[in-house]
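Participant: Take a look at upload28.txt, compact mmCIF, C-alpha atoms and all ligand atoms:
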```txt
# COMPACT_ATOMS: atom_id res chain seq x y z
CA MET A 19 16.11 63.99 -49.73
CA LYS A 20 17.69 66.05 -46.98
CA VAL A 21 16.23 66.97 -43.60
CA THR A 22 17.78 69.94 -41.75
CA VAL A 23 16.82 70.85 -38.22
CA HIS A 24 17.05 74.65 -38.26
CA GLY A 25 15.41 75.09 -34.87
CA GLY A 26 13.87 73.10 -32.05
CA ALA A 27 16.98 70.89 -31.82
CA ARG A 28 17.64 69.78 -28.24
CA GLU A 29 15.34 72.55 -27.03
CA ILE A 30 11.71 73.52 -26.77
CA GLY A 31 10.98 76.58 -28.84
CA GLY A 32 11.94 77.89 -32.26
CA SER A 33 10.76 74.84 -34.21
CA CYS A 34 11.76 74.79 -37.88
CA ILE A 35 12.73 71.77 -39.98
CA GLY A 36 13.63 71.95 -43.67
CA VAL A 37 12.83 69.08 -46.04
CA GLN A 38 14.64 69.45 -49.35
CA THR A 39 14.40 67.39 -52.55
CA ASP A 40 15.72 68.13 -56.05
CA ASP A 41 12.47 69.90 -56.91
CA CYS A 42 11.11 71.27 -53.70
CA TYR A 43 12.06 72.84 -50.37
CA VAL A 44 9.52 72.99 -47.56
CA ALA A 45 9.70 74.11 -43.94
CA LEU A 46 7.90 72.35 -41.15
CA ASP A 47 7.07 75.17 -38.71
CA TYR A 48 8.70 78.58 -38.35
CA GLY A 49 8.74 79.41 -34.66
CA THR A 50 10.27 81.80 -32.17
CA THR A 51 12.36 80.77 -29.17
CA PHE A 52 11.21 81.44 -25.59
CA GLU A 53 14.62 82.51 -24.39
CA GLU A 54 15.45 86.10 -25.20
CA SER A 55 19.16 85.37 -25.52
CA SER A 56 18.88 83.07 -28.53
CA SER A 57 17.65 84.28 -31.90
CA ASN A 58 16.61 82.45 -35.02
CA GLN A 59 17.96 82.89 -38.49
CA PHE A 60 16.08 80.45 -40.66
CA PRO A 61 16.41 80.11 -44.45
CA GLU A 62 13.86 82.19 -46.33
CA ASP A 63 13.74 80.48 -49.71
CA PHE A 64 11.16 77.79 -48.94
CA ASP A 65 8.54 76.89 -51.57
CA ALA A 66 6.03 76.32 -48.79
CA ILE A 67 5.88 76.49 -45.01
CA ILE A 68 3.62 74.10 -43.13
CA ILE A 69 2.49 75.42 -39.74
CA SER A 70 1.56 72.56 -37.40
CA HIS A 71 -0.37 74.73 -34.91
CA ALA A 72 -0.76 78.28 -33.66
CA HIS A 73 1.70 78.30 -30.74
CA LEU A 74 4.33 80.97 -31.40
CA ASP A 75 7.21 78.56 -30.89
CA HIS A 76 5.93 76.99 -34.13
CA SER A 77 4.71 80.06 -36.01
CA GLY A 78 6.10 83.26 -34.45
CA GLN A 79 9.02 83.72 -36.84
CA LEU A 80 6.67 84.09 -39.84
CA LEU A 81 6.79 87.89 -39.44
CA SER A 82 10.32 87.86 -40.83
CA LEU A 83 8.87 86.56 -44.12
CA SER A 84 6.16 89.18 -44.54
CA LYS A 85 7.83 90.75 -47.58
CA LYS A 86 8.70 87.39 -49.20
CA LYS A 87 5.10 86.23 -49.66
CA PRO A 88 5.76 82.50 -49.10
CA VAL A 89 2.99 79.93 -49.42
CA ILE A 90 1.89 78.93 -45.92
CA VAL A 91 -0.25 75.87 -45.26
CA GLY A 92 -2.24 75.07 -42.14
CA SER A 93 -5.71 74.59 -40.73
CA LYS A 94 -8.34 77.33 -40.56
CA ILE A 95 -8.23 77.89 -36.83
CA THR A 96 -4.42 77.77 -36.88
CA ARG A 97 -4.56 80.63 -39.39
CA GLU A 98 -7.02 82.71 -37.35
CA VAL A 99 -5.26 82.19 -34.04
CA THR A 100 -1.76 82.68 -35.49
CA LEU A 101 -2.87 86.06 -36.86
CA ALA A 102 -4.27 87.08 -33.46
CA LEU A 103 -1.09 85.95 -31.67
CA LEU A 104 1.25 87.65 -34.16
CA GLN A 105 -0.73 90.90 -33.92
CA ASP A 106 -0.54 90.69 -30.14
CA MET A 107 3.20 89.97 -30.26
CA VAL A 108 3.75 93.04 -32.49
CA LYS A 109 1.70 95.16 -30.07
CA VAL A 110 3.60 94.01 -26.98
CA GLN A 111 7.09 94.03 -28.53
CA SER A 112 6.74 97.45 -30.13
CA GLN A 113 5.65 98.90 -26.76
CA ASN A 114 8.85 97.53 -25.20
CA ASP A 115 11.22 98.24 -28.07
CA TYR A 116 11.07 101.32 -30.29
CA ASN A 117 13.26 99.59 -32.84
CA TYR A 118 11.04 96.52 -33.17
CA PRO A 119 11.06 95.94 -36.92
CA TYR A 120 7.49 94.69 -37.50
CA TYR A 121 4.05 96.25 -37.76
CA LYS A 122 0.51 94.91 -37.60
CA HIS A 123 0.30 94.92 -41.41
CA ASP A 124 3.24 92.48 -41.55
CA ALA A 125 1.07 89.96 -39.69
CA ASN A 126 -1.88 90.68 -42.00
CA ARG A 127 0.30 90.24 -45.09
CA ILE A 128 1.44 86.79 -43.92
CA MET A 129 -2.17 85.66 -43.73
CA GLU A 130 -2.88 86.65 -47.35
CA HIS A 131 -0.67 83.77 -48.48
CA TRP A 132 -2.06 81.17 -46.12
CA TRP A 133 -3.75 78.18 -47.73
CA VAL A 134 -6.26 76.47 -45.48
CA ARG A 135 -5.75 72.88 -46.71
CA ASP A 136 -5.25 69.37 -45.43
CA TYR A 137 -3.72 68.24 -48.71
CA VAL A 138 -1.22 70.02 -50.98
CA ALA A 139 0.65 68.90 -54.11
CA LEU A 140 3.97 70.59 -54.88
CA PRO A 141 6.49 69.68 -57.63
CA GLY A 142 7.38 66.02 -56.96
CA MET A 143 5.88 66.12 -53.49
CA THR A 144 2.52 65.54 -51.81
CA ILE A 145 1.71 66.77 -48.34
CA GLN A 146 -1.11 65.49 -46.14
CA LEU A 147 -2.09 66.91 -42.75
CA HIS A 148 -3.61 64.79 -39.94
CA PRO A 149 -5.29 65.89 -36.66
CA ALA A 150 -2.70 65.88 -33.87
CA GLY A 151 -4.66 66.57 -30.66
CA HIS A 152 -2.60 69.05 -28.55
CA VAL A 153 -4.62 72.22 -29.32
CA ALA A 154 -7.50 73.16 -31.62
CA GLY A 155 -6.46 72.85 -35.26
CA ALA A 156 -3.09 71.14 -34.58
CA ARG A 157 -1.89 68.90 -37.39
CA MET A 158 0.78 66.31 -38.08
CA THR A 159 2.38 66.55 -41.54
CA SER A 160 3.13 63.60 -43.79
CA ILE A 161 5.30 64.21 -46.86
CA HIS A 162 5.65 61.82 -49.76
CA SER A 163 8.44 62.52 -52.22
CA GLU A 164 11.19 60.65 -54.11
CA ASP A 165 9.61 57.37 -52.91
CA LYS A 166 10.25 58.44 -49.32
CA LYS A 167 7.72 59.01 -46.55
CA VAL A 168 8.34 61.57 -43.81
CA LEU A 169 6.02 62.13 -40.87
CA TYR A 170 6.42 65.20 -38.65
CA THR A 171 4.35 65.14 -35.48
CA GLY A 172 4.55 68.80 -34.45
CA ASP A 173 3.22 68.89 -30.89
CA PHE A 174 0.74 66.09 -30.35
CA CYS A 175 -1.35 64.33 -27.76
CA VAL A 176 -2.88 60.86 -27.98
CA HIS A 177 -5.27 60.95 -25.02
CA ASP A 178 -8.54 62.87 -25.22
CA SER A 179 -9.10 66.00 -23.13
CA GLU A 180 -12.38 67.58 -22.03
CA ILE A 181 -12.72 69.55 -25.26
CA LEU A 182 -10.45 67.92 -27.83
CA ASP A 183 -10.04 64.41 -29.25
CA GLY A 184 -6.52 63.00 -29.10
CA CYS A 185 -4.58 62.08 -32.22
CA ASN A 186 -5.80 58.90 -33.89
CA THR A 187 -2.47 57.13 -34.49
CA GLU A 188 -4.28 54.38 -36.47
CA ALA A 189 -4.92 56.89 -39.25
CA LEU A 190 -1.25 57.86 -39.66
CA PRO A 191 0.93 56.48 -42.47
CA LYS A 192 2.78 53.35 -41.34
CA LYS A 193 6.48 52.57 -41.81
CA PRO A 194 7.68 56.09 -42.64
CA ASP A 195 11.31 56.38 -43.73
CA VAL A 196 11.63 59.17 -41.21
CA LEU A 197 9.55 60.05 -38.19
CA ILE A 198 10.33 63.49 -36.80
CA THR A 199 8.73 63.66 -33.39
CA GLU A 200 8.49 66.05 -30.48
CA SER A 201 10.02 64.76 -27.24
CA THR A 202 8.86 67.36 -24.68
CA TYR A 203 7.96 64.56 -22.23
CA GLY A 204 10.28 61.92 -23.70
CA GLY A 205 11.46 60.97 -20.21
CA LYS A 206 8.23 61.35 -18.27
CA VAL A 207 5.28 59.08 -17.63
CA ARG A 208 2.27 60.99 -16.36
CA SER A 209 -0.58 59.84 -14.17
CA PRO A 210 -3.87 59.24 -16.03
CA ARG A 211 -5.57 62.50 -16.91
CA ASN A 212 -8.67 61.89 -14.76
CA GLU A 213 -6.43 61.52 -11.68
CA LEU A 214 -4.71 64.80 -12.51
CA VAL A 215 -8.04 66.56 -12.96
CA ASP A 216 -9.21 65.19 -9.56
CA GLU A 217 -5.99 66.47 -7.99
CA PHE A 218 -6.58 69.85 -9.62
CA PHE A 219 -10.07 70.09 -8.08
CA ARG A 220 -8.68 69.00 -4.68
CA GLN A 221 -6.17 71.85 -4.78
CA ILE A 222 -8.88 74.35 -5.67
CA LEU A 223 -11.18 73.09 -2.90
CA ALA A 224 -8.36 73.37 -0.33
CA ALA A 225 -7.69 77.00 -1.31
CA MET A 226 -11.44 77.72 -1.28
CA ASP A 227 -11.59 76.38 2.31
CA ARG A 228 -8.93 78.92 3.24
CA LYS A 229 -10.94 81.61 1.40
CA GLY A 230 -7.80 82.17 -0.63
CA ASN A 231 -7.24 83.51 -4.09
CA ILE A 232 -6.26 81.03 -6.76
CA LEU A 233 -4.07 82.14 -9.64
CA ILE A 234 -4.01 79.92 -12.71
CA PRO A 235 -1.52 81.28 -15.26
CA THR A 236 -2.44 79.96 -18.69
CA PHE A 237 -1.81 80.51 -22.39
CA ALA A 238 -4.43 82.61 -24.17
CA PHE A 239 -4.89 79.97 -26.82
CA HIS A 240 -6.66 76.71 -25.95
CA ARG A 241 -5.43 76.16 -22.36
CA SER A 242 -7.39 79.21 -21.21
CA GLN A 243 -10.63 78.03 -22.85
CA GLU A 244 -10.06 74.44 -21.70
CA MET A 245 -9.50 75.63 -18.12
CA ALA A 246 -12.51 77.95 -18.08
CA LYS A 247 -14.71 75.18 -19.51
CA ARG A 248 -13.35 72.66 -16.94
CA ILE A 249 -14.14 74.95 -13.99
CA ASP A 250 -17.47 76.08 -15.43
CA ASP A 251 -18.62 72.48 -15.96
CA ALA A 252 -17.42 71.48 -12.47
CA MET A 253 -19.52 74.27 -10.93
CA LYS A 254 -22.52 73.30 -13.04
CA LYS A 255 -22.20 69.68 -11.82
CA GLY A 256 -21.56 70.69 -8.21
CA VAL A 257 -18.03 69.22 -8.19
CA LEU A 258 -16.89 72.70 -7.14
CA PRO A 259 -18.98 75.16 -5.09
CA ARG A 260 -19.65 78.58 -6.54
CA TYR A 261 -16.82 81.07 -6.20
CA ASN A 262 -15.79 84.16 -8.15
CA VAL A 263 -14.10 82.91 -11.32
CA TYR A 264 -12.56 85.25 -13.87
CA THR A 265 -10.58 85.19 -17.06
CA ILE A 266 -8.44 88.23 -17.72
CA SER A 267 -7.00 88.34 -21.21
CA ASN A 268 -8.48 90.20 -24.14
CA LEU A 269 -6.52 87.94 -26.44
CA ALA A 270 -7.99 84.82 -24.80
CA ASN A 271 -11.45 86.38 -25.04
CA LYS A 272 -10.99 86.97 -28.77
CA ILE A 273 -9.81 83.38 -29.27
CA THR A 274 -12.80 82.11 -27.26
CA GLY A 275 -14.93 83.78 -29.95
CA TYR A 276 -13.10 81.81 -32.67
CA PHE A 277 -13.69 78.62 -30.69
CA ASN A 278 -17.45 79.21 -30.63
CA GLU A 279 -17.37 79.83 -34.39
CA ASN A 280 -15.25 76.74 -35.17
CA LYS A 281 -16.96 74.04 -33.13
CA GLU A 282 -16.02 71.37 -35.71
CA CYS A 283 -12.45 71.40 -34.29
CA PHE A 284 -13.64 69.92 -30.99
CA THR A 285 -15.22 66.76 -29.58
CA LYS A 286 -18.69 65.60 -30.65
CA LYS A 287 -20.01 66.61 -27.23
CA ILE A 288 -18.73 70.17 -27.69
CA GLN A 289 -20.18 70.32 -31.21
CA ARG A 290 -23.67 69.55 -29.87
CA GLN A 291 -23.60 72.64 -27.62
CA LYS A 292 -24.86 75.88 -29.09
CA GLN A 293 -22.19 78.19 -27.65
CA PRO A 294 -19.82 75.73 -25.92
CA PHE A 295 -17.39 78.38 -24.75
CA LYS A 296 -19.99 80.74 -23.32
CA TYR A 297 -19.63 80.13 -19.59
CA SER A 298 -22.20 80.38 -16.79
CA HIS A 299 -19.83 80.79 -13.84
CA VAL A 300 -16.73 82.29 -15.45
CA LYS A 301 -16.70 86.00 -16.14
CA HIS A 302 -14.36 87.88 -18.43
CA LEU A 303 -12.70 90.95 -16.90
CA TYR A 304 -10.68 93.63 -18.61
CA ARG A 305 -8.35 94.43 -15.73
CA THR A 306 -7.24 93.05 -12.37
CA GLY A 307 -8.83 96.03 -10.52
CA GLN A 308 -12.26 94.51 -11.28
CA ILE A 309 -11.56 91.31 -9.30
CA LYS A 310 -13.83 90.67 -6.31
CA GLU A 311 -11.77 88.58 -3.89
CA PRO A 312 -11.53 85.77 -3.06
CA ALA A 313 -11.40 84.53 -6.60
CA ILE A 314 -10.09 82.03 -9.08
CA VAL A 315 -8.34 83.91 -11.89
CA ILE A 316 -7.33 82.31 -15.18
CA CYS A 317 -4.99 84.73 -16.93
CA THR A 318 -1.98 85.28 -19.15
CA SER A 319 0.92 85.09 -19.45
CA GLY A 320 1.19 81.34 -19.04
CA PHE A 321 4.76 81.62 -17.75
CA GLY A 322 3.92 84.44 -15.31
CA HIS A 323 6.53 86.79 -16.80
CA ALA A 324 4.11 89.55 -17.88
CA GLY A 325 0.52 90.74 -17.83
CA ALA A 326 -2.14 89.93 -15.24
CA SER A 327 -0.47 86.71 -14.08
CA LEU A 328 2.73 88.56 -13.07
CA HIS A 329 0.70 91.34 -11.44
CA LEU A 330 -1.37 88.86 -9.40
CA LEU A 331 1.67 86.71 -8.57
CA LYS A 332 3.22 89.84 -7.02
CA ASN A 333 0.02 90.73 -5.14
CA TRP A 334 -0.86 87.26 -3.92
CA ALA A 335 2.50 85.45 -3.44
CA GLU A 336 3.07 86.58 0.16
CA ASP A 337 -0.24 85.29 1.58
CA GLU A 338 -0.16 81.62 2.63
CA ASN A 339 -3.91 81.26 2.06
CA ASN A 340 -3.47 81.87 -1.65
CA SER A 341 -2.59 79.30 -4.20
CA VAL A 342 -0.96 79.26 -7.62
CA ILE A 343 -1.74 76.28 -9.84
CA LEU A 344 0.54 75.65 -12.79
CA THR A 345 -0.78 73.24 -15.37
CA SER A 346 2.11 73.37 -17.80
CA GLY A 347 5.02 71.02 -17.14
CA TYR A 348 7.53 73.25 -18.84
CA LEU A 349 8.67 76.61 -17.46
CA PRO A 350 11.45 78.59 -19.17
CA PRO A 351 14.60 78.92 -17.02
CA ASP A 352 14.19 82.68 -16.57
CA SER A 353 10.46 82.70 -15.68
CA PRO A 354 9.39 84.22 -12.31
CA LEU A 355 7.06 81.25 -11.80
CA LYS A 356 9.97 78.84 -11.99
CA SER A 357 11.90 80.63 -9.24
CA ALA A 358 8.69 81.21 -7.24
CA LYS A 359 8.11 77.46 -7.28
CA GLU A 360 11.66 76.20 -6.83
CA GLU A 361 13.28 78.93 -4.71
CA ARG A 362 10.14 80.26 -2.99
CA ARG A 363 11.02 83.78 -4.10
CA PHE A 364 11.33 85.71 -7.34
CA ARG A 365 12.80 88.92 -8.57
CA ASN A 366 10.53 91.75 -9.62
CA ASN A 367 11.90 95.08 -10.88
CA GLY A 368 15.05 94.54 -8.86
CA ASN A 369 13.19 93.59 -5.62
CA MET A 370 12.94 90.09 -4.20
CA VAL A 371 9.38 88.91 -3.48
CA SER A 372 9.17 86.00 -1.04
CA VAL A 373 6.57 83.33 -1.69
CA LYS A 374 4.28 81.98 1.03
CA ALA A 375 1.36 81.01 -1.20
CA GLU A 376 1.11 77.38 -2.21
CA ILE A 377 2.47 76.67 -5.65
CA GLU A 378 1.30 73.42 -7.18
CA GLN A 379 2.19 72.01 -10.55
CA ILE A 380 -0.37 69.66 -12.05
CA GLU A 381 0.63 68.75 -15.57
CA LEU A 382 -2.59 68.85 -17.54
CA SER A 383 -0.49 69.02 -20.62
CA GLY A 384 -1.45 68.62 -24.26
CA HIS A 385 1.72 66.69 -25.09
CA ALA A 386 2.30 62.99 -25.48
CA ASP A 387 4.18 61.47 -22.54
CA GLN A 388 6.84 58.77 -22.82
CA LEU A 389 4.28 55.93 -22.96
CA GLU A 390 2.35 57.57 -25.79
CA LEU A 391 5.57 58.35 -27.68
CA VAL A 392 6.84 54.76 -27.37
CA GLN A 393 3.44 53.35 -28.39
CA MET A 394 3.43 55.56 -31.48
CA VAL A 395 6.85 54.27 -32.53
CA GLU A 396 5.67 50.68 -31.93
CA LYS A 397 2.64 51.29 -34.09
CA LEU A 398 4.21 53.27 -36.94
CA LYS A 399 7.48 51.31 -37.16
CA PRO A 400 9.60 54.14 -38.62
CA LYS A 401 12.94 53.23 -40.18
CA ARG A 402 14.57 56.29 -38.56
CA THR A 403 13.35 58.64 -35.87
CA ILE A 404 14.56 62.20 -35.35
CA LEU A 405 13.84 63.62 -31.90
CA VAL A 406 13.19 67.36 -31.71
CA HIS A 407 11.31 69.79 -29.43
CA GLY A 408 12.67 68.49 -26.16
CA ASP A 409 15.48 69.16 -23.71
CA VAL A 410 18.32 66.78 -24.44
CA GLU A 411 17.72 64.74 -21.24
CA GLN A 412 14.12 64.11 -22.33
CA SER A 413 15.16 63.15 -25.86
CA GLN A 414 17.86 60.80 -24.55
CA ALA A 415 15.45 59.11 -22.15
CA LEU A 416 13.05 58.50 -25.04
CA SER A 417 15.88 57.32 -27.27
CA GLU A 418 16.77 54.58 -24.77
CA GLU A 419 13.18 53.31 -24.90
CA ILE A 420 12.89 53.19 -28.68
CA GLU A 421 16.40 52.51 -30.03
CA LYS A 422 15.73 48.79 -30.43
CA MET A 423 12.81 49.55 -32.76
CA THR A 424 14.21 52.38 -34.88
CA GLU A 425 17.41 54.22 -35.70
CA VAL A 426 17.39 57.35 -33.48
CA TRP A 427 18.92 60.76 -34.05
CA ILE A 428 18.99 63.68 -31.64
CA PRO A 429 20.38 66.33 -34.00
CA GLU A 430 22.01 69.58 -33.07
CA LYS A 431 20.79 72.89 -34.45
CA GLY A 432 21.63 73.20 -38.14
CA GLU A 433 22.45 69.51 -38.59
CA THR A 434 21.44 67.91 -41.89
CA ILE A 435 20.52 64.28 -42.28
CA ALA A 436 20.48 62.65 -45.73
CA ILE A 437 17.61 60.22 -46.17
ZN ZN B 501 2.31 73.64 -28.93
```
Would you write the structure of this file as structure tokens?

Facilitator:
Amino acid sequence: MKVTVHGGAREIGGSCIGVQTDDCYVALDYGTTFEESSSNQFPEDFDAIIISHAHLDHSGQLLSLSKKKPVIVGSKITREVTLALLQDMVKVQSQNDYNYPYYKHDANRIMEHWWVRDYVALPGMTIQLHPAGHVAGARMTSIHSEDKKVLYTGDFCVHDSEILDGCNTEALPKKPDVLITESTYGGKVRSPRNELVDEFFRQILAAMDRKGNILIPTFAFHRSQEMAKRIDDAMKKGVLPRYNVYTISNLANKITGYFNENKECFTKKIQRQKQPFKYSHVKHLYRTGQIKEPAIVICTSGFGHAGASLHLLKNWAEDENNSVILTSGYLPPDSPLKSAKEERRFRNNGNMVSVKAEIEQIELSGHADQLELVQMVEKLKPKRTILVHGDVEQSQALSEEIEKMTEVWIPEKGETIAI
């Protein structure tokens, strides 16, 4: 058996790992990179492609296979959301680039070959998917072939969140020959989630006292719904006073509809609610012109490089009463939010915008931190561990913590490891 890391090596973004035996060749994820400068050329002759979850850095490269009709395997909500995200990507990219090679029907065609399964048998190989936490529908993949066991985590999270149960590591296959794990937070230990949520509410209350606007850039998928639900529930319970709260993202609104229709993906508490993602205090708007200030606005893009979040960042950055709350730990190097936070200014259409608004980063992330990663290795006892989906410093920090328990590899892009 051979494992080749085609993408997601020493970086976040562009995940794709090939597992090849004498009889079978499968890909674990097929994602796009965040950085415009790097492009992906993945092999196209896979017998099947397993998509761990609907984030584009794990699924966005599928468009390049639309004419090949590969078998794709993943959960139901991963299929639905991936289609919505790919269609949106085609819409946005073709507006910016007349030569963009894909059309909406390419996204539709991909979905025709998508098997919604948790178990698949291929020649000489069985594949089992396991809930991974992280986002709705996320799965880990275990492969059994040639008497070898491989477990690929995709992105995962062990602790529970308000709407989603964490990954149950007890249910995962023990002593795999190879564990391929994400290492986004391989070098970081986070505060307990309830402390982070309290801090998040404190930041909101402080901005409310100043009658400021609060911008919360978020991803359309999962983080947007989780955030809206968090604020809606806090207002229902009186943890937060009433304030104008809006979501602005048609894509997020569409995905919220899928969430209401697929309640089984979420916690028992969510499942008992009739329309869990129908909010009492959070209103969906179609454009920023509809905002009644002061307001809390949850909007895309999550990295603040486009859409309503960039527009509001520009409008609100220069007022010290306003606040921007980032809940993702990772920001791409070229994102306006990163320079707004670190340099207190950012470039917009050639002009420098100076930042007086508060910018807080509270990592309410859906990724395992170093403690959860180490505990998983302790529990699963893998013979070898391949670290992917992490900056090299994060992977190395994790490696130091686990190298006494397992043989560790931090491969480079394109590197093949014989098992
Ligand atoms: Zn993800």

Participant: Just to confirm, what's the straight-line distance from CA of Thr96 in chain A to CA of Lys206 in chain A in Å (one decimal)?

Facilitator: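 These atoms are spaced 27.9 Å apart.
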
Participant: Counting all atoms listed in the file, I want the residues whose atoms come within 10 Å of (3.9, 82.7, -48.7) in the file frame, returned as a list in words.

Facilitator: Phe64, Asp65, Ala66, Ile67, Leu80, Leu83, Ser84, Lys85, Lys86, Lys87, Pro88, Val89, Ile90, Val91, Arg127, Ile128, Met129, Glu130, His131, Trp132 and Trp133 of chain A

Participant: Please, which residues have at least one atom within 10 Å of an atom of ligand ZN 501 (chain B), using all atoms listed in the file, listed as a ChimeraX atom specification?

Facilitator: /A:30-31,70-77,152-153,156,172-174,200,239-240,383-385,407

Participant: Would you list the residues near (1.3, 79.3, -1.5), meaning any protein, DNA or RNA residue with an atom at most 7 Å from that point in file coordinates, counting all atoms listed in the file, as a PyMOL selection string?

Facilitator: chain A and resi 335+337-342+373-377

Participant: One decimal, Å: what's the distance from CA of Glu360 in chain A over to CA of Leu331 in chain A, could you say?

Facilitator: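 These two atoms are separated by 14.6 Å.
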
Participant: Enter the distance from CA of Leu349 in chain A to CA of Phe321 in chain A, in Å, rounded to one decimal.

Facilitator: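 Computing the Euclidean distance for CA of Leu349 in chain A and CA of Phe321 in chain A yields 6.4 Å.
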
Participant: Determine, counting all atoms listed in the file, which protein, DNA and RNA residues have an atom within 7 Å of an atom of Ser267 in chain A; residues of the same chain fewer than 5 positions away are not included. Present the result as a PyMOL selection string.

Facilitator: chain A and resi 238+304+317-318

Participant: Return the single residue from A:Leu104, A:Leu330, A:Ile273, A:Ile404 that is closest to Ile437 in chain A, with distances computed using all atoms listed in the file.

Facilitator: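 Checking each candidate against Ile437 in chain A, we get A:Ile404 as the closest.
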
Participant: Env of His299 in chain A: 9 Å cut, atoms = only C-alpha atoms, seq-sep filter 4 positions within chain, self excluded. Answer as a PyMOL selection string.

Facilitator: chain A and resi 246+249-251+253-254+260-264

Participant: Give me a file of those residues, with C-alpha atoms, as a PDB file, in the frame of the given file.

Facilitator:
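Done, and the output landed in out_5.pdb:
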```
ATOM      1  CA  ALA A 246     -12.510  77.950 -18.080  1.00  0.00           C
ATOM      2  CA  ILE A 249     -14.140  74.950 -13.990  1.00  0.00           C
ATOM      3  CA  ASP A 250     -17.470  76.080 -15.430  1.00  0.00           C
ATOM      4  CA  ASP A 251     -18.620  72.480 -15.960  1.00  0.00           C
ATOM      5  CA  MET A 253     -19.520  74.270 -10.930  1.00  0.00           C
ATOM      6  CA  LYS A 254     -22.520  73.300 -13.040  1.00  0.00           C
ATOM      7  CA  ARG A 260     -19.650  78.580  -6.540  1.00  0.00           C
ATOM      8  CA  TYR A 261     -16.820  81.070  -6.200  1.00  0.00           C
ATOM      9  CA  ASN A 262     -15.790  84.160  -8.150  1.00  0.00           C
ATOM     10  CA  VAL A 263     -14.100  82.910 -11.320  1.00  0.00           C
ATOM     11  CA  TYR A 264     -12.560  85.250 -13.870  1.00  0.00           C
TER      12      TYR A 264
END
```

Participant: Write out, as JSON lines, each residue of range 22-119 of chain A that has an atom at most 9 Å from range 135-139 of chain A, together with the closest pair of atoms and their distance in Å to one decimal, counting all atoms listed in the file, rows going by chain and rising number.

Facilitator:
```
{"residue": "A:Val91", "atom": "CA", "partner": "A:Arg135", "partner_atom": "CA", "distance": 6.4}
{"residue": "A:Gly92", "atom": "CA", "partner": "A:Arg135", "partner_atom": "CA", "distance": 6.2}
{"residue": "A:Ser93", "atom": "CA", "partner": "A:Arg135", "partner_atom": "CA", "distance": 6.2}
{"residue": "A:Lys94", "atom": "CA", "partner": "A:Arg135", "partner_atom": "CA", "distance": 8.0}
```

Participant: Could you give me, as an NGL selection string, the residues within 7 Å of Cys185 in chain A, counting all atoms listed in the file and dropping anything in the same chain fewer than 5 positions from it?

Facilitator: :A and (149-151 or 174-176)

Participant: With only C-alpha atoms as the counted atoms, please give the residues lying no more than 10 Å from Val168 in chain A, apart from itself and same-chain residues fewer than 5 positions off, as a PyMOL selection string.

Facilitator: chain A and resi 21+37+145+159-163+191+193-198+400+402-403+437

Participant: Which residues are near Arg365 in chain A? Cut-off 10 Å, all atoms listed in the file, ignore same chain within fewer than 4 positions. Put them as a list in words.

Facilitator: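 Here the qualifying residues turn out to be Lys332, Ser353, Pro354, Ser357, Ala358, Asn369, Met370, Val371 and Ser372 of chain A.
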
Participant: Which of these, A:Met423, A:Ile95, A:Met19, A:Ser179, has the shortest distance to Leu214 in chain A once you count only C-alpha atoms?

Facilitator: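 Among the listed residues, the smallest separation from Leu214 in chain A belongs to A:Ser179.
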
Participant: In terms of the shortest atom-to-atom distance over only C-alpha atoms, which of A:Glu244, A:Glu378, A:Gly320, A:Gln79 is closest to Arg220 in chain A?

Facilitator: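 Checking each candidate against Arg220 in chain A, we get A:Glu378 as the closest.
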
Participant: So, with all atoms listed in the file as the atoms that count, which of A:Ala45, A:Leu355, A:Leu328, A:Ala154 lies closest to Arg97 in chain A?

Facilitator: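 Among the listed residues, A:Ala154 lies closest to Arg97 in chain A.
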
Participant: Considering all atoms listed in the file, state which residue in the set A:Thr434, A:Ile68, A:Val134, A:Glu164 is at the smallest distance from Asp40 in chain A.

Facilitator: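 Ranking A:Thr434, A:Ile68, A:Val134, A:Glu164 by distance to Asp40 in chain A, first place goes to A:Glu164.
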
Participant: Save range 148-152 of chain A to disk from that block, N, CA, C and O atoms included, as a PDB file, in the first residue's frame.

Facilitator:
```
ATOM      1  N   HIS A 148     -16.859   7.696   9.823  1.00  0.00           N
ATOM      2  CA  HIS A 148     -17.223   7.901  11.232  1.00  0.00           C
ATOM      3  C   HIS A 148     -17.448   9.391  11.483  1.00  0.00           C
ATOM      4  O   HIS A 148     -16.652  10.207  10.988  1.00  0.00           O
ATOM      5  N   PRO A 149     -18.460   9.774  12.286  1.00  0.00           N
ATOM      6  CA  PRO A 149     -18.673  11.204  12.572  1.00  0.00           C
ATOM      7  C   PRO A 149     -17.415  11.853  13.160  1.00  0.00           C
ATOM      8  O   PRO A 149     -16.751  11.272  14.014  1.00  0.00           O
ATOM      9  N   ALA A 150     -17.113  13.060  12.680  1.00  0.00           N
ATOM     10  CA  ALA A 150     -15.843  13.709  13.037  1.00  0.00           C
ATOM     11  C   ALA A 150     -16.006  14.984  13.846  1.00  0.00           C
ATOM     12  O   ALA A 150     -15.018  15.630  14.190  1.00  0.00           O
ATOM     13  N   GLY A 151     -17.265  15.395  14.162  1.00  0.00           N
ATOM     14  CA  GLY A 151     -17.428  16.725  14.771  1.00  0.00           C
ATOM     15  C   GLY A 151     -17.123  17.764  13.694  1.00  0.00           C
ATOM     16  O   GLY A 151     -17.458  17.540  12.527  1.00  0.00           O
ATOM     17  N   HIS A 152     -16.487  18.859  14.041  1.00  0.00           N
ATOM     18  CA  HIS A 152     -16.010  19.901  13.110  1.00  0.00           C
ATOM     19  C   HIS A 152     -17.138  20.705  12.469  1.00  0.00           C
ATOM     20  O   HIS A 152     -17.304  21.876  12.777  1.00  0.00           O
TER      21      HIS A 152
END
```
